[in-house]
Every structure is written in structure tokens, then in C-alpha cells.
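Structure data (CSV, C-alpha atoms) from input22.csv:
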chain,number,residue,atom,x,y,z
A,482,MET,CA,11.1,-44.4,-14.3
A,483,THR,CA,14.3,-45.9,-13.3
A,484,ASP,CA,17.2,-44.7,-11.2
A,485,ILE,CA,15.0,-42.5,-9.0
A,486,GLN,CA,17.1,-40.6,-6.5
A,487,ASP,CA,16.4,-37.3,-4.8
A,488,THR,CA,19.4,-35.5,-6.2
A,489,PRO,CA,19.8,-31.9,-5.2
A,490,PRO,CA,19.0,-29.5,-8.0
A,491,ASP,CA,21.5,-27.2,-9.6
A,492,ASP,CA,21.0,-23.4,-9.5
A,493,ASP,CA,19.0,-23.4,-12.6
A,494,LEU,CA,16.5,-25.9,-11.4
A,495,MET,CA,16.3,-24.2,-8.0
A,496,ALA,CA,15.4,-21.0,-9.9
A,497,ALA,CA,12.7,-22.9,-11.8
A,498,GLU,CA,11.3,-24.3,-8.6
A,499,LEU,CA,11.2,-20.9,-7.0
A,500,VAL,CA,9.3,-19.4,-9.9
A,501,LEU,CA,6.8,-22.3,-9.9
A,502,GLY,CA,6.3,-21.9,-6.1
A,503,LEU,CA,7.6,-25.3,-5.3
A,504,ALA,CA,10.5,-24.3,-3.1
A,505,SER,CA,10.3,-24.4,0.7
A,506,ALA,CA,9.9,-21.2,2.7
A,507,ASP,CA,13.5,-21.4,3.8
A,508,ASP,CA,14.8,-21.8,0.3
A,509,GLN,CA,12.7,-18.8,-0.8
A,510,ALA,CA,14.1,-16.6,1.8
A,511,ALA,CA,17.6,-17.6,0.9
A,512,ALA,CA,16.9,-17.1,-2.8
A,513,ARG,CA,15.7,-13.6,-2.2
A,514,ARG,CA,18.9,-12.7,-0.5
A,515,ARG,CA,20.8,-14.3,-3.3
A,516,MET,CA,19.0,-12.5,-6.1
A,517,ALA,CA,20.1,-9.2,-4.7
A,518,THR,CA,23.7,-10.0,-5.0
A,519,ASP,CA,24.1,-12.8,-7.6
A,520,ALA,CA,23.3,-11.5,-11.1
A,521,GLY,CA,23.7,-15.0,-12.6
A,522,PHE,CA,21.1,-16.4,-10.3
A,523,ALA,CA,18.8,-13.5,-10.9
A,524,GLU,CA,19.2,-14.1,-14.6
A,525,ARG,CA,18.0,-17.7,-14.2
A,526,MET,CA,14.9,-16.5,-12.3
A,527,VAL,CA,14.2,-14.1,-15.2
A,528,PHE,CA,14.7,-16.9,-17.7
A,529,TRP,CA,12.1,-19.1,-16.0
A,530,GLN,CA,9.7,-16.4,-15.3
A,531,GLU,CA,9.6,-15.4,-18.9
A,532,ARG,CA,9.3,-19.0,-20.1
A,533,PHE,CA,6.6,-20.0,-17.6
A,534,ALA,CA,4.6,-16.8,-18.2
A,535,ALA,CA,4.2,-18.0,-21.7
A,536,MET,CA,1.9,-20.7,-20.3
A,537,THR,CA,-0.7,-18.0,-19.9
A,538,GLY,CA,-0.5,-17.3,-23.6
A,539,ALA,CA,-3.5,-19.6,-24.2
A,540,ILE,CA,-5.6,-18.0,-21.6
A,541,ALA,CA,-8.3,-15.9,-23.2
A,542,PRO,CA,-8.7,-12.3,-21.9
A,543,VAL,CA,-11.8,-11.7,-19.8
A,544,LYS,CA,-13.1,-8.1,-19.4
A,545,PRO,CA,-13.8,-7.4,-15.7
A,546,SER,CA,-16.7,-5.3,-14.7
A,547,ALA,CA,-16.4,-1.5,-14.5
A,548,LYS,CA,-17.2,-1.7,-10.8
A,549,LEU,CA,-14.0,-3.6,-10.2
A,550,LYS,CA,-11.9,-0.7,-11.5
A,551,LYS,CA,-13.7,1.7,-9.3
A,552,LYS,CA,-13.2,-0.4,-6.3
A,553,MET,CA,-9.5,-0.9,-7.1
A,554,LEU,CA,-9.0,2.8,-7.6
A,555,ALA,CA,-10.7,3.6,-4.3
A,556,ARG,CA,-8.3,1.3,-2.6
A,557,VAL,CA,-5.2,2.7,-4.3
A,558,PHE,CA,-6.2,6.3,-3.8
A,559,PRO,CA,-8.3,6.5,-0.7
A,560,LYS,CA,-10.1,9.8,-0.3
A,561,PRO,CA,-9.0,12.0,2.6
A,562,ARG,CA,-11.3,11.2,5.5
A,563,VAL,CA,-12.3,14.8,6.3
A,564,SER,CA,-12.8,16.0,2.7
A,565,VAL,CA,-16.4,17.1,3.2
A,566,LEU,CA,-15.6,19.0,6.4
A,567,GLN,CA,-12.7,20.6,4.7
A,568,ARG,CA,-14.9,21.9,2.0
A,569,VAL,CA,-17.4,23.3,4.5
A,570,TRP,CA,-14.9,24.8,6.9
A,571,LEU,CA,-11.8,25.3,4.8
A,572,TRP,CA,-10.3,24.1,8.0
A,573,GLN,CA,-8.2,21.0,8.2
A,574,GLY,CA,-9.0,18.0,10.3
A,575,VAL,CA,-11.8,19.3,12.4
A,576,SER,CA,-13.7,16.6,14.2
A,577,ILE,CA,-17.4,16.1,14.5
A,578,ALA,CA,-17.3,16.9,18.2
A,579,ALA,CA,-15.5,20.1,17.4
A,580,LEU,CA,-18.1,21.1,14.8
A,581,LEU,CA,-20.9,20.5,17.3
A,582,PHE,CA,-19.1,22.6,19.8
A,583,ALA,CA,-18.6,25.4,17.4
A,584,GLY,CA,-22.2,25.2,16.4
A,585,TYR,CA,-23.3,25.4,20.0
A,586,LEU,CA,-21.2,28.5,20.6
A,587,GLY,CA,-22.6,30.1,17.4
A,588,VAL,CA,-26.2,29.6,18.8
A,589,GLN,CA,-25.1,31.3,22.0
A,590,LEU,CA,-23.6,34.2,20.1
A,591,LEU,CA,-26.8,34.7,18.1
A,592,GLN,CA,-28.8,34.8,21.4
A,593,ILE,CA,-26.5,37.5,22.7
A,594,ASN,CA,-26.7,39.7,19.6
A,595,THR,CA,-30.4,40.2,19.3
A,596,GLY,CA,-30.2,43.8,18.1
A,597,PRO,CA,-29.3,45.0,14.6
A,598,VAL,CA,-25.7,44.7,15.4
A,599,THR,CA,-23.2,43.6,12.8
A,600,GLN,CA,-22.4,40.0,13.3
A,601,PRO,CA,-19.0,39.8,15.0
A,602,THR,CA,-16.3,37.6,13.5
A,603,VAL,CA,-15.9,34.3,15.2
A,604,LEU,CA,-12.3,33.1,15.4
A,605,ALA,CA,-11.3,29.6,15.9
A,606,ALA,CA,-8.1,27.6,16.0
A,607,GLN,CA,-7.3,23.9,16.0
A,608,LEU,CA,-4.2,23.1,18.0
A,609,VAL,CA,-2.5,19.9,17.0
A,610,GLY,CA,0.8,18.3,17.7
A,611,GLU,CA,2.5,15.9,15.3
A,612,THR,CA,3.9,13.6,17.9
A,613,SER,CA,2.0,14.4,21.1
A,614,GLY,CA,-1.4,13.3,19.8
A,615,LEU,CA,-2.8,16.4,21.5
A,616,GLN,CA,-5.7,18.1,19.8
A,617,ILE,CA,-7.5,21.1,21.2
A,618,LEU,CA,-10.2,23.2,19.6
A,619,ALA,CA,-10.3,26.9,20.5
A,620,VAL,CA,-13.1,29.3,19.7
A,621,VAL,CA,-12.8,33.0,20.6
A,622,GLU,CA,-16.1,34.4,21.8
A,623,PRO,CA,-16.0,38.0,20.6
A,624,VAL,CA,-18.4,39.7,23.0
A,625,LYS,CA,-17.1,38.5,26.3
A,626,HIS,CA,-13.5,38.1,25.0
A,627,GLU,CA,-13.3,34.6,26.1
A,628,ILE,CA,-11.5,31.7,24.6
A,629,ALA,CA,-13.5,28.5,24.9
A,630,LEU,CA,-11.2,25.4,24.7
A,631,ARG,CA,-12.1,21.8,24.2
A,632,ARG,CA,-9.5,19.1,24.4
A,633,VAL,CA,-10.5,16.5,21.7
A,634,SER,CA,-7.7,14.1,22.3
A,635,GLY,CA,-4.5,13.8,24.3
A,636,GLN,CA,-3.7,13.5,28.0
A,637,VAL,CA,-1.4,15.5,30.3
A,638,ALA,CA,1.6,13.6,31.6
A,639,PRO,CA,1.6,12.8,35.4
A,640,ASN,CA,2.7,15.7,37.5
A,641,ARG,CA,2.9,18.0,34.5
A,642,ALA,CA,0.5,20.7,33.2
A,643,PHE,CA,-0.6,22.1,29.8
A,644,GLU,CA,0.0,25.8,29.6
A,645,LEU,CA,-1.7,27.9,26.8
A,646,TRP,CA,0.2,30.7,25.1
A,647,ALA,CA,-0.8,33.4,22.7
A,648,ILE,CA,1.8,34.5,20.2
A,649,LEU,CA,1.6,37.6,18.1
A,650,PRO,CA,3.9,37.9,15.1
A,651,GLY,CA,7.3,39.0,16.2
A,652,GLN,CA,6.4,39.0,19.9
A,653,ALA,CA,7.2,36.9,22.9
A,654,PRO,CA,4.5,34.3,23.9
A,655,VAL,CA,2.0,35.6,26.5
A,656,SER,CA,0.6,33.1,28.9
A,657,LEU,CA,-3.2,32.7,28.9
A,658,GLY,CA,-3.0,30.3,31.8
A,659,VAL,CA,-2.7,26.6,32.8
A,660,LEU,CA,-5.4,24.3,31.6
A,661,PRO,CA,-7.4,22.5,34.2
A,662,GLU,CA,-7.9,18.7,33.9
A,663,GLN,CA,-11.4,18.8,32.5
A,664,GLU,CA,-12.0,18.7,28.7
A,665,THR,CA,-13.5,22.2,28.4
A,666,VAL,CA,-12.5,25.5,29.8
A,667,ARG,CA,-13.0,29.2,29.2
A,668,LEU,CA,-10.1,31.7,29.6
A,669,LEU,CA,-10.2,35.5,29.3
A,670,VAL,CA,-8.3,37.1,26.4
A,671,PRO,CA,-6.0,39.7,27.9
A,672,GLU,CA,-7.1,43.2,26.9
A,673,ALA,CA,-3.8,44.0,25.1
A,674,LEU,CA,-4.4,41.1,22.7
A,675,ARG,CA,-8.1,41.7,21.9
A,676,SER,CA,-7.7,44.0,18.9
A,677,GLN,CA,-5.2,41.7,17.3
A,678,ALA,CA,-7.0,38.4,18.1
A,679,ALA,CA,-7.1,37.4,14.5
A,680,GLN,CA,-3.3,37.3,14.3
A,681,ILE,CA,-2.8,35.1,17.3
A,682,THR,CA,-1.2,31.7,17.1
A,683,LEU,CA,-2.1,29.6,20.1
A,684,ALA,CA,0.3,27.0,21.5
A,685,ILE,CA,0.3,24.5,24.3
A,686,SER,CA,3.6,23.8,26.2
A,687,ASP,CA,4.5,21.1,28.6
A,688,GLU,CA,5.2,22.7,32.0
A,689,PRO,CA,5.6,21.8,35.7
A,690,LEU,CA,2.4,21.8,37.8
A,691,GLY,CA,1.3,25.4,38.3
A,692,GLY,CA,2.7,26.5,35.0
A,693,SER,CA,6.0,27.9,33.8
A,694,PRO,CA,8.1,29.3,36.6
A,695,THR,CA,9.8,31.9,34.3
A,696,GLY,CA,6.9,33.5,32.5
A,697,ALA,CA,8.0,32.0,29.2
A,698,PRO,CA,7.5,28.4,27.9
A,699,THR,CA,10.1,26.1,29.4
A,700,GLY,CA,8.9,22.6,28.1
A,701,ASP,CA,8.2,21.1,24.8
A,702,VAL,CA,5.6,22.7,22.5
A,703,LEU,CA,2.9,20.0,22.3
A,704,ALA,CA,0.4,21.6,19.9
A,705,VAL,CA,0.1,24.7,17.8
A,706,GLY,CA,-2.7,26.3,15.8
A,707,GLU,CA,-3.4,29.6,14.1
A,708,MET,CA,-6.6,31.6,14.3
A,709,THR,CA,-9.0,31.2,11.4
A,710,GLU,CA,-12.2,33.2,10.8
A,711,LEU,CA,-15.2,30.9,10.8
B,1361,MET,CA,-0.4,-5.2,-26.7
B,1362,ASP,CA,2.5,-3.1,-27.6
B,1363,ARG,CA,5.5,-3.8,-25.4
B,1364,GLN,CA,6.9,-0.3,-25.7
B,1365,GLU,CA,3.6,1.2,-24.7
B,1366,ILE,CA,3.2,-0.9,-21.6
B,1367,GLU,CA,6.8,-0.3,-20.6
B,1368,ASN,CA,6.2,3.5,-20.9
B,1369,LEU,CA,3.1,3.3,-18.8
B,1370,ILE,CA,4.8,1.3,-16.1
B,1371,ALA,CA,7.6,3.9,-16.1
B,1372,ARG,CA,5.1,6.7,-15.6
B,1373,VAL,CA,3.3,4.8,-12.9
B,1374,ALA,CA,6.6,4.5,-11.1
B,1375,LEU,CA,6.5,8.4,-11.0
B,1376,LYS,CA,3.1,8.1,-9.4
B,1377,ASP,CA,1.2,9.3,-12.6
B,1378,ARG,CA,-2.4,8.4,-11.9
B,1379,ALA,CA,-3.5,8.9,-15.5
B,1380,ALA,CA,-0.9,6.4,-16.7
B,1381,PHE,CA,-2.1,3.9,-14.0
B,1382,ASP,CA,-5.6,4.3,-15.2
B,1383,LEU,CA,-4.5,3.6,-18.8
B,1384,LEU,CA,-2.3,0.7,-17.8
B,1385,TYR,CA,-5.3,-0.9,-16.1
B,1386,ASP,CA,-7.5,-0.4,-19.2
B,1387,ARG,CA,-4.8,-1.9,-21.5
B,1388,THR,CA,-4.0,-5.0,-19.3
B,1389,CYS,CA,-7.0,-5.8,-17.1
B,1390,ALA,CA,-8.6,-8.2,-19.5
B,1391,LYS,CA,-5.5,-10.4,-19.8
B,1392,LEU,CA,-4.7,-10.2,-16.1
B,1393,PHE,CA,-8.3,-10.9,-15.1
B,1394,GLY,CA,-8.2,-14.0,-17.5
B,1395,VAL,CA,-5.1,-15.2,-15.6
B,1396,CYS,CA,-6.7,-14.6,-12.1
B,1397,LEU,CA,-9.9,-16.4,-13.2
B,1398,ARG,CA,-7.9,-19.4,-14.7
B,1399,VAL,CA,-6.1,-19.9,-11.4
B,1400,LEU,CA,-8.9,-19.2,-8.9
B,1401,ASN,CA,-11.8,-20.4,-11.0
B,1402,LYS,CA,-14.2,-18.1,-9.1
B,1403,ARG,CA,-15.2,-14.6,-10.1
B,1404,ALA,CA,-15.3,-13.0,-6.7
B,1405,ALA,CA,-11.9,-14.4,-5.7
B,1406,ALA,CA,-10.5,-13.4,-9.0
B,1407,GLU,CA,-11.8,-9.8,-8.5
B,1408,ASP,CA,-10.1,-9.6,-5.1
B,1409,ALA,CA,-6.9,-10.9,-6.6
B,1410,MET,CA,-7.1,-8.3,-9.3
B,1411,GLN,CA,-7.4,-5.5,-6.7
B,1412,ASP,CA,-4.4,-6.8,-4.8
B,1413,THR,CA,-2.5,-7.1,-8.1
B,1414,PHE,CA,-3.0,-3.5,-9.0
B,1415,VAL,CA,-2.2,-2.3,-5.5
B,1416,LYS,CA,1.1,-4.1,-5.9
B,1417,ILE,CA,1.7,-2.7,-9.4
B,1418,TRP,CA,1.1,0.9,-8.1
B,1419,ASN,CA,3.4,0.4,-5.1
B,1420,ASN,CA,6.2,-1.5,-6.9
B,1421,ALA,CA,6.3,0.1,-10.4
B,1422,ASP,CA,9.5,1.9,-9.5
B,1423,ARG,CA,11.2,-1.5,-9.1
B,1424,TYR,CA,10.2,-2.8,-12.5
B,1425,HIS,CA,12.7,-0.7,-14.5
B,1426,SER,CA,15.8,-2.7,-13.7
B,1427,ASN,CA,14.4,-6.2,-13.2
B,1428,GLY,CA,15.0,-7.5,-16.7
B,1429,LEU,CA,11.5,-8.9,-17.3
B,1430,SER,CA,9.4,-8.0,-20.2
B,1431,PRO,CA,6.5,-5.8,-19.0
B,1432,MET,CA,3.7,-8.3,-19.6
B,1433,THR,CA,5.7,-11.0,-17.9
B,1434,TRP,CA,6.1,-8.8,-14.9
B,1435,LEU,CA,2.4,-8.0,-14.7
B,1436,ILE,CA,1.3,-11.6,-15.4
B,1437,THR,CA,3.7,-12.9,-12.7
B,1438,ILE,CA,2.3,-10.5,-10.1
B,1439,ALA,CA,-1.3,-11.5,-11.1
B,1440,ARG,CA,-0.4,-15.2,-11.1
B,1441,ASN,CA,1.5,-15.2,-7.8
B,1442,THR,CA,-1.3,-13.1,-6.1
B,1443,SER,CA,-3.9,-15.5,-7.3
B,1444,ILE,CA,-2.0,-18.6,-6.2
B,1445,ASP,CA,-1.4,-17.1,-2.8
B,1446,ARG,CA,-5.2,-16.7,-2.4
B,1447,LEU,CA,-5.7,-20.3,-3.6
B,1448,ARG,CA,-3.2,-21.7,-1.2
B,1449,ALA,CA,-4.5,-19.5,1.7
B,1450,ARG,CA,-7.6,-21.6,1.6
B,1451,LYS,CA,-5.6,-24.7,2.2
B,1452,LYS,CA,-3.8,-25.8,5.3
B,1453,GLY,CA,-0.1,-25.3,5.5
B,1454,HIS,CA,-0.4,-22.2,3.4
B,1455,GLN,CA,3.0,-21.0,2.1
B,1456,ASP,CA,3.3,-17.5,0.7
B,1457,ILE,CA,5.0,-17.6,-2.7
B,1458,ASP,CA,4.4,-14.0,-3.4
B,1459,THR,CA,7.1,-12.8,-1.1
B,1460,PRO,CA,8.0,-9.3,-2.3
B,1461,GLY,CA,11.0,-9.6,-4.6
B,1462,LEU,CA,10.3,-12.9,-6.4
B,1463,GLU,CA,8.8,-11.1,-9.4
B,1464,LEU,CA,10.9,-8.0,-8.7
B,1465,VAL,CA,14.3,-9.5,-9.3
B,1466,SER,CA,17.5,-7.6,-9.5
B,1467,PRO,CA,19.1,-6.6,-12.8
B,1468,GLY,CA,20.0,-9.3,-15.2
B,1469,PRO,CA,22.8,-8.5,-17.6
B,1470,ASN,CA,20.8,-8.3,-20.8
B,1471,PRO,CA,17.1,-7.8,-20.4
B,1472,GLU,CA,16.3,-7.8,-24.1
B,1473,GLU,CA,17.6,-11.3,-24.4
B,1474,PHE,CA,14.8,-12.6,-22.3
B,1475,ALA,CA,11.9,-10.8,-23.8
B,1476,VAL,CA,8.9,-13.0,-24.4
B,1477,ALA,CA,8.0,-13.0,-28.1
B,1478,SER,CA,4.5,-14.0,-29.0
B,1479,SER,CA,6.0,-17.1,-30.6
B,1480,GLU,CA,7.5,-18.1,-27.2
B,1481,ALA,CA,4.1,-19.2,-25.9
B,1482,SER,CA,3.6,-21.7,-28.7
B,1483,ARG,CA,7.2,-22.8,-28.4
B,1484,LEU,CA,6.9,-23.5,-24.7
B,1485,SER,CA,3.6,-25.2,-25.2
B,1486,GLY,CA,5.2,-27.4,-27.9
B,1487,CYS,CA,8.1,-28.3,-25.6
B,1488,LEU,CA,5.7,-29.1,-22.7
B,1489,ASP,CA,3.9,-31.4,-25.1
B,1490,THR,CA,7.1,-33.2,-26.0
B,1491,LEU,CA,7.6,-34.1,-22.3
B,1492,GLU,CA,6.1,-37.3,-21.0
B,1493,GLU,CA,2.5,-36.4,-20.6
B,1494,ASP,CA,2.5,-36.5,-16.8
B,1495,ARG,CA,5.5,-34.3,-16.5
B,1496,GLY,CA,4.0,-31.6,-18.7
B,1497,LYS,CA,0.8,-31.8,-16.6
B,1498,ALA,CA,2.8,-31.5,-13.4
B,1499,ILE,CA,4.6,-28.4,-14.5
B,1500,ARG,CA,1.4,-26.8,-15.8
B,1501,GLY,CA,-0.3,-27.8,-12.5
B,1502,ALA,CA,2.4,-26.1,-10.5
B,1503,TYR,CA,2.4,-22.9,-12.5
B,1504,LEU,CA,-1.3,-22.5,-13.2
B,1505,ASP,CA,-2.9,-24.3,-10.3
B,1506,GLY,CA,-0.4,-23.6,-7.6
B,1507,GLU,CA,0.1,-27.3,-6.8
B,1508,THR,CA,2.9,-28.1,-4.4
B,1509,TYR,CA,5.1,-31.2,-4.5
B,1510,ALA,CA,2.8,-32.8,-1.9
B,1511,ASP,CA,-0.3,-32.0,-4.1
B,1512,LEU,CA,1.4,-33.4,-7.2
B,1513,ALA,CA,2.6,-36.5,-5.4
B,1514,ASP,CA,-1.0,-37.1,-4.3
B,1515,ARG,CA,-2.4,-36.5,-7.7
B,1516,PHE,CA,0.0,-38.9,-9.5
B,1517,GLY,CA,0.1,-41.4,-6.6
B,1518,VAL,CA,3.9,-41.4,-6.2
B,1519,PRO,CA,6.1,-40.7,-3.1
B,1520,LEU,CA,7.1,-37.1,-2.6
B,1521,ASN,CA,10.8,-37.6,-3.4
B,1522,THR,CA,9.9,-39.5,-6.6
B,1523,MET,CA,7.7,-36.6,-7.6
B,1524,ARG,CA,10.4,-34.1,-7.0
B,1525,THR,CA,13.0,-36.0,-9.0
B,1526,TRP,CA,10.5,-36.6,-11.7
B,1527,LEU,CA,9.5,-32.9,-12.1
B,1528,ARG,CA,13.1,-31.8,-12.0
B,1529,ARG,CA,13.8,-34.1,-14.9
B,1530,GLY,CA,10.9,-32.6,-16.7
B,1531,LEU,CA,12.4,-29.2,-16.1
B,1532,ILE,CA,15.7,-30.3,-17.5
B,1533,ALA,CA,14.0,-31.7,-20.6
B,1534,LEU,CA,12.1,-28.5,-21.0
B,1535,ARG,CA,15.2,-26.4,-20.8
B,1536,GLU,CA,16.9,-28.5,-23.4
B,1537,CYS,CA,13.9,-28.4,-25.7
B,1538,MET,CA,13.6,-24.6,-25.4
B,1539,SER,CA,17.3,-24.0,-26.0
B,1540,GLN,CA,17.3,-25.9,-29.3

Please express what this file holds, its structure, as C-alpha cells.
Amino acid sequence: MTDIQDTPPDDDLMAAELVLGLASADDQAAARRRMATDAGFAERMVFWQERFAAMTGAIAPVKPSAKLKKKMLARVFPKPRVSVLQRVWLWQGVSIAALLFAGYLGVQLLQINTGPVTQPTVLAAQLVGETSGLQILAVVEPVKHEIALRRVSGQVAPNRAFELWAILPGQAPVSLGVLPEQETVRLLVPEALRSQAAQITLAISDEPLGGSPTGAPTGDVLAVGEMTEL
Amino acid sequence: MDRQEIENLIARVALKDRAAFDLLYDRTCAKLFGVCLRVLNKRAAAEDAMQDTFVKIWNNADRYHSNGLSPMTWLITIARNTSIDRLRARKKGHQDIDTPGLELVSPGPNPEEFAVASSEASRLSGCLDTLEEDRGKAIRGAYLDGETYADLADRFGVPLNTMRTWLRRGLIALRECMSQ
């Protein structure tokens, strides 16, 4: 080896070094930018990638275990987290806490209806907001006409209040009241709404303390949910 | 492996066709696992690299179409780069070579021109053998063992700059040999 000097490489050698992984991090970043705009340089990268990949020609194939494929597929296509609950409830995204709460209510209802009365339909709604993070579970207790609410996640903003609204198709929202700070609360369903409870959509709006001054929602709608029969 | 078949499968994977992805895995996993094992030399590490490789294939298949690489080269390059990243991650001064984009290059003018024929492998191998023995070993070491200039300089007991010049000359000779 004579005449050893660290001469800078031409584009082609730079491309070869990049493909081999010998280039510095700075050079790599610059090369990536260049490949997007410089077709000639991209072509040199392709040239070397094709040639060097031929080095793997002598490598014998090895069959991986069947377990590896399963693991890989589970990573690429993760199962929806709530799939089991969805099957049981046909009701999206219900949490374990919500399930327990609904179950607890169900027991109470059974105790109330001891006689040979037809089992009343239990209605429930899950109110969720895409951006607010607010999630509230509502169950309508059909004998006392109460809506039991449980806030699963989300906090009210300082000096603001959550107000609950019942909306029937084609009608203006009717206020069911301002929610207190605690996580659970029971509110009475207004008499006029009781016969159509199954068509109600519940919504939570952001209001000043004490509730909307106008009788209609004035702030952002933070969460919405339709009634579903359980 | 039929080039056209693999190309079609990648095109369908780009459209998020799960059945095609399943089939692409079945067709190519043995070759790619061989590559991962060759680089990493440990079964568990090679299996992890395989998982990463196929996650990348699923996510980037839509970028294959225009990059000018033959389909097996594209897949092999992802498996090789992913494996070498894992290998280097164990060492200090880790440098990520598998920055997205290196195997996902922009369109070359004439993709067909660069297709790897099966004879290409033996031709390259022959050319590597015509190099001075050490230079051929150094190029193989960089590609298949992820050795850096510092690693190579260490192994051959020469200064870093000497190693660099030496390997670059090897590359020039290789290029000449392959274009004959």
C-alpha cells in the first residue's frame, strides 16, 4: 500500500459507503435529503444496494418457527382492546368500571321488581368527546325515572360547569341540570321525556358556573352519547 | 422466488391487503430469517429483527413501487439494515443506519436496469475474490457484520484514515470488475 491519502470520495463511493453503513450520521442525513431531489445520486444508491444485496446470495434460507409469524402478525394487527366487551355489550368502549356500575344498578332493579312484572328495559348511554377526554356513563333507571351518571374520565375546567342535555330528534336540547363535582350523580328524567327515553341523545356542554344563562347550550359540546338498550 | 409474484404481493400490501402480507411472509421469511441470523448470529435477536422487518414492510410497502430496487433487494436490505441496527445497538457509539429512506430511495430512471439476476450474486462474489483478500473481507465485514471504519481499522491493525482509503480503493476495483 503506497500513496495512502485520505482523498474525499466521489458521489459513487459516497453512495457505496452509505449503503454499507460506513458514512457518518451527518453524511447520512445529507444523503437522505439529496436522494429526494437528485435522481443521479439515487441511482448510484440503487446500484450499490442491488450489488451488495447479492452478498446474501450464499446465505442459506432458514425457516423460522410458526410462533414467530403469529407474534409478528399480532404486532402488525393489534386486536382492539375492548373486543370482548364489545361482543358482550354491543356497546363500544365501555370500561370495566362502567360495567360494574351497570351490573350494580341491575341488581338494584331486580330487587325492586320482585313481583311477576315484565322486566323493564334498561337504557344506557356512554358519553364521550373526541378531544375533551371526557367520558361519562349514563344508565336510566326505569322505575324511578332517574338517570344515574358516572364520570369515568375528564375534569371540569376551573370556574366552569358541565351541563347535561337531553336531545330528542328534531327538538331543542332540554337541560337535565348542572353536574356536581363528584363522580356519580342521579338526576330525574323530566316527565315529558319519559315515554321517549329510548330516543334521547345525551350531551354535555361547557357552561359558566350555575349553568347556561339562556336555557340553551352556550359553550362547546364536550361529550355526546345515544341511548342504547342493555 | 418469482420476481413478478413478489412484486405483485408488495403492491397489494401497499393497499393494506392482509392476505397478501400473509403470503409475502410465507414466501420470503426463510430467506430473510437466514439474513437476520447471519448478521446477528443469535436466534432470539434474529427473531426480533424479523418482527421489526415485517412491521417496516407493512408500513412502507407503498413506497416500494417507485424506488427502483428489485423486490428481493428491497426486502433483504430492510432485513439486513434492521439486523445491523440491532447489532450496533449493543455497542457503544451506536449509529442508526436504518434511517427511514435509505432503502426507500426515490425513483431511478430505469429500474429494470438494476434488477439483480441470480447470476449477479456469483458475479459479485467473483469480483470480491479478485480484490486483495483483505479488501474483500473488509467490504463483506461492513455489509454482513455491520463493521464500521473504526471496527475495521481495529481488525486489520491500521490507522482509521488508511482503512478508509484502502476500502474506497476496494470499492473502485469492485465497480470496475462488475462493469466489465

For atom CA of Ala1498 of chain B and atom CA of Phe528 of chain A, determine how far apart the two atoms are, in Å to one decimal place.
19.3 Å

Got a sec: who's within 10 Å of Leu669 of chain A, counting all atoms listed in the file, leaving out chain neighbours fewer than 2 positions off, as a count of residues only?
13

Taking all atoms listed in the file into account and nothing else, which residues of chain B lie no more than 6 Å away from chain A? Please answer as a PyMOL selection string.
chain B and resi 1390-1391+1393-1394+1411+1415+1433+1457+1466+1468+1481+1502-1503+1508+1521+1525

Two-atom distance - atom CA of Trp1418 of chain B, atom CA of Leu1375 of chain B (Å):
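Atom CA of Leu1375 of chain B lies 9.7 Å from atom CA of Trp1418 of chain B.
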
Can you work out the spacing between atom CA of Val1518 of chain B and atom CA of Met1538 of chain B in Å, to one decimal?
27.3 Å

What lies within 12 Å of Ala638 of chain A using only C-alpha atoms, ignoring chain neighbours under 3 positions off, as number ranges by chain?
A: 613, 615, 635, 641-643, 662, 686-690, 703

Counting all atoms listed in the file, find the residues whose atoms lie at most 12 Å from (3.9, -2.9, -22.2) (file coordinates) and write them out as JSON, numbers by chain.
{"B": [1361, 1362, 1363, 1364, 1365, 1366, 1367, 1368, 1369, 1370, 1371, 1372, 1380, 1383, 1384, 1385, 1387, 1388, 1424, 1425, 1429, 1430, 1431, 1432, 1433, 1434, 1435, 1436, 1475, 1476]}

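Nearest to Ser1485 of chain B of all the residues B:Ala1374, B:Ile1499, B:Leu1512, B:Leu1400 is B:Ile1499, based on only C-alpha atoms.
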
From the options B:Ala1404, B:Leu1527, B:Leu1504, B:Cys1487, which residue's atoms come nearest to Asn1441 of chain B, counting only C-alpha atoms?
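Of B:Ala1404, B:Leu1527, B:Leu1504, B:Cys1487, the one nearest Asn1441 of chain B, counting only C-alpha atoms, is B:Leu1504.
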
Give me the residues within 10 Å of Ala704 of chain A as a PDB file with C-alpha atoms, in the frame of the given file, counting only C-alpha atoms and dropping any in the same chain fewer than 4 places off.
ATOM      1  CA  GLN A 607      -7.300  23.900  16.000  1.00  0.00           C
ATOM      2  CA  LEU A 608      -4.200  23.100  18.000  1.00  0.00           C
ATOM      3  CA  VAL A 609      -2.500  19.900  17.000  1.00  0.00           C
ATOM      4  CA  GLY A 610       0.800  18.300  17.700  1.00  0.00           C
ATOM      5  CA  GLU A 611       2.500  15.900  15.300  1.00  0.00           C
ATOM      6  CA  THR A 612       3.900  13.600  17.900  1.00  0.00           C
ATOM      7  CA  SER A 613       2.000  14.400  21.100  1.00  0.00           C
ATOM      8  CA  GLY A 614      -1.400  13.300  19.800  1.00  0.00           C
ATOM      9  CA  LEU A 615      -2.800  16.400  21.500  1.00  0.00           C
ATOM     10  CA  GLN A 616      -5.700  18.100  19.800  1.00  0.00           C
ATOM     11  CA  ILE A 617      -7.500  21.100  21.200  1.00  0.00           C
ATOM     12  CA  PHE A 643      -0.600  22.100  29.800  1.00  0.00           C
ATOM     13  CA  LEU A 645      -1.700  27.900  26.800  1.00  0.00           C
ATOM     14  CA  LEU A 683      -2.100  29.600  20.100  1.00  0.00           C
ATOM     15  CA  ALA A 684       0.300  27.000  21.500  1.00  0.00           C
ATOM     16  CA  ILE A 685       0.300  24.500  24.300  1.00  0.00           C
ATOM     17  CA  SER A 686       3.600  23.800  26.200  1.00  0.00           C
ATOM     18  CA  ASP A 687       4.500  21.100  28.600  1.00  0.00           C
TER      19      ASP A 687
END
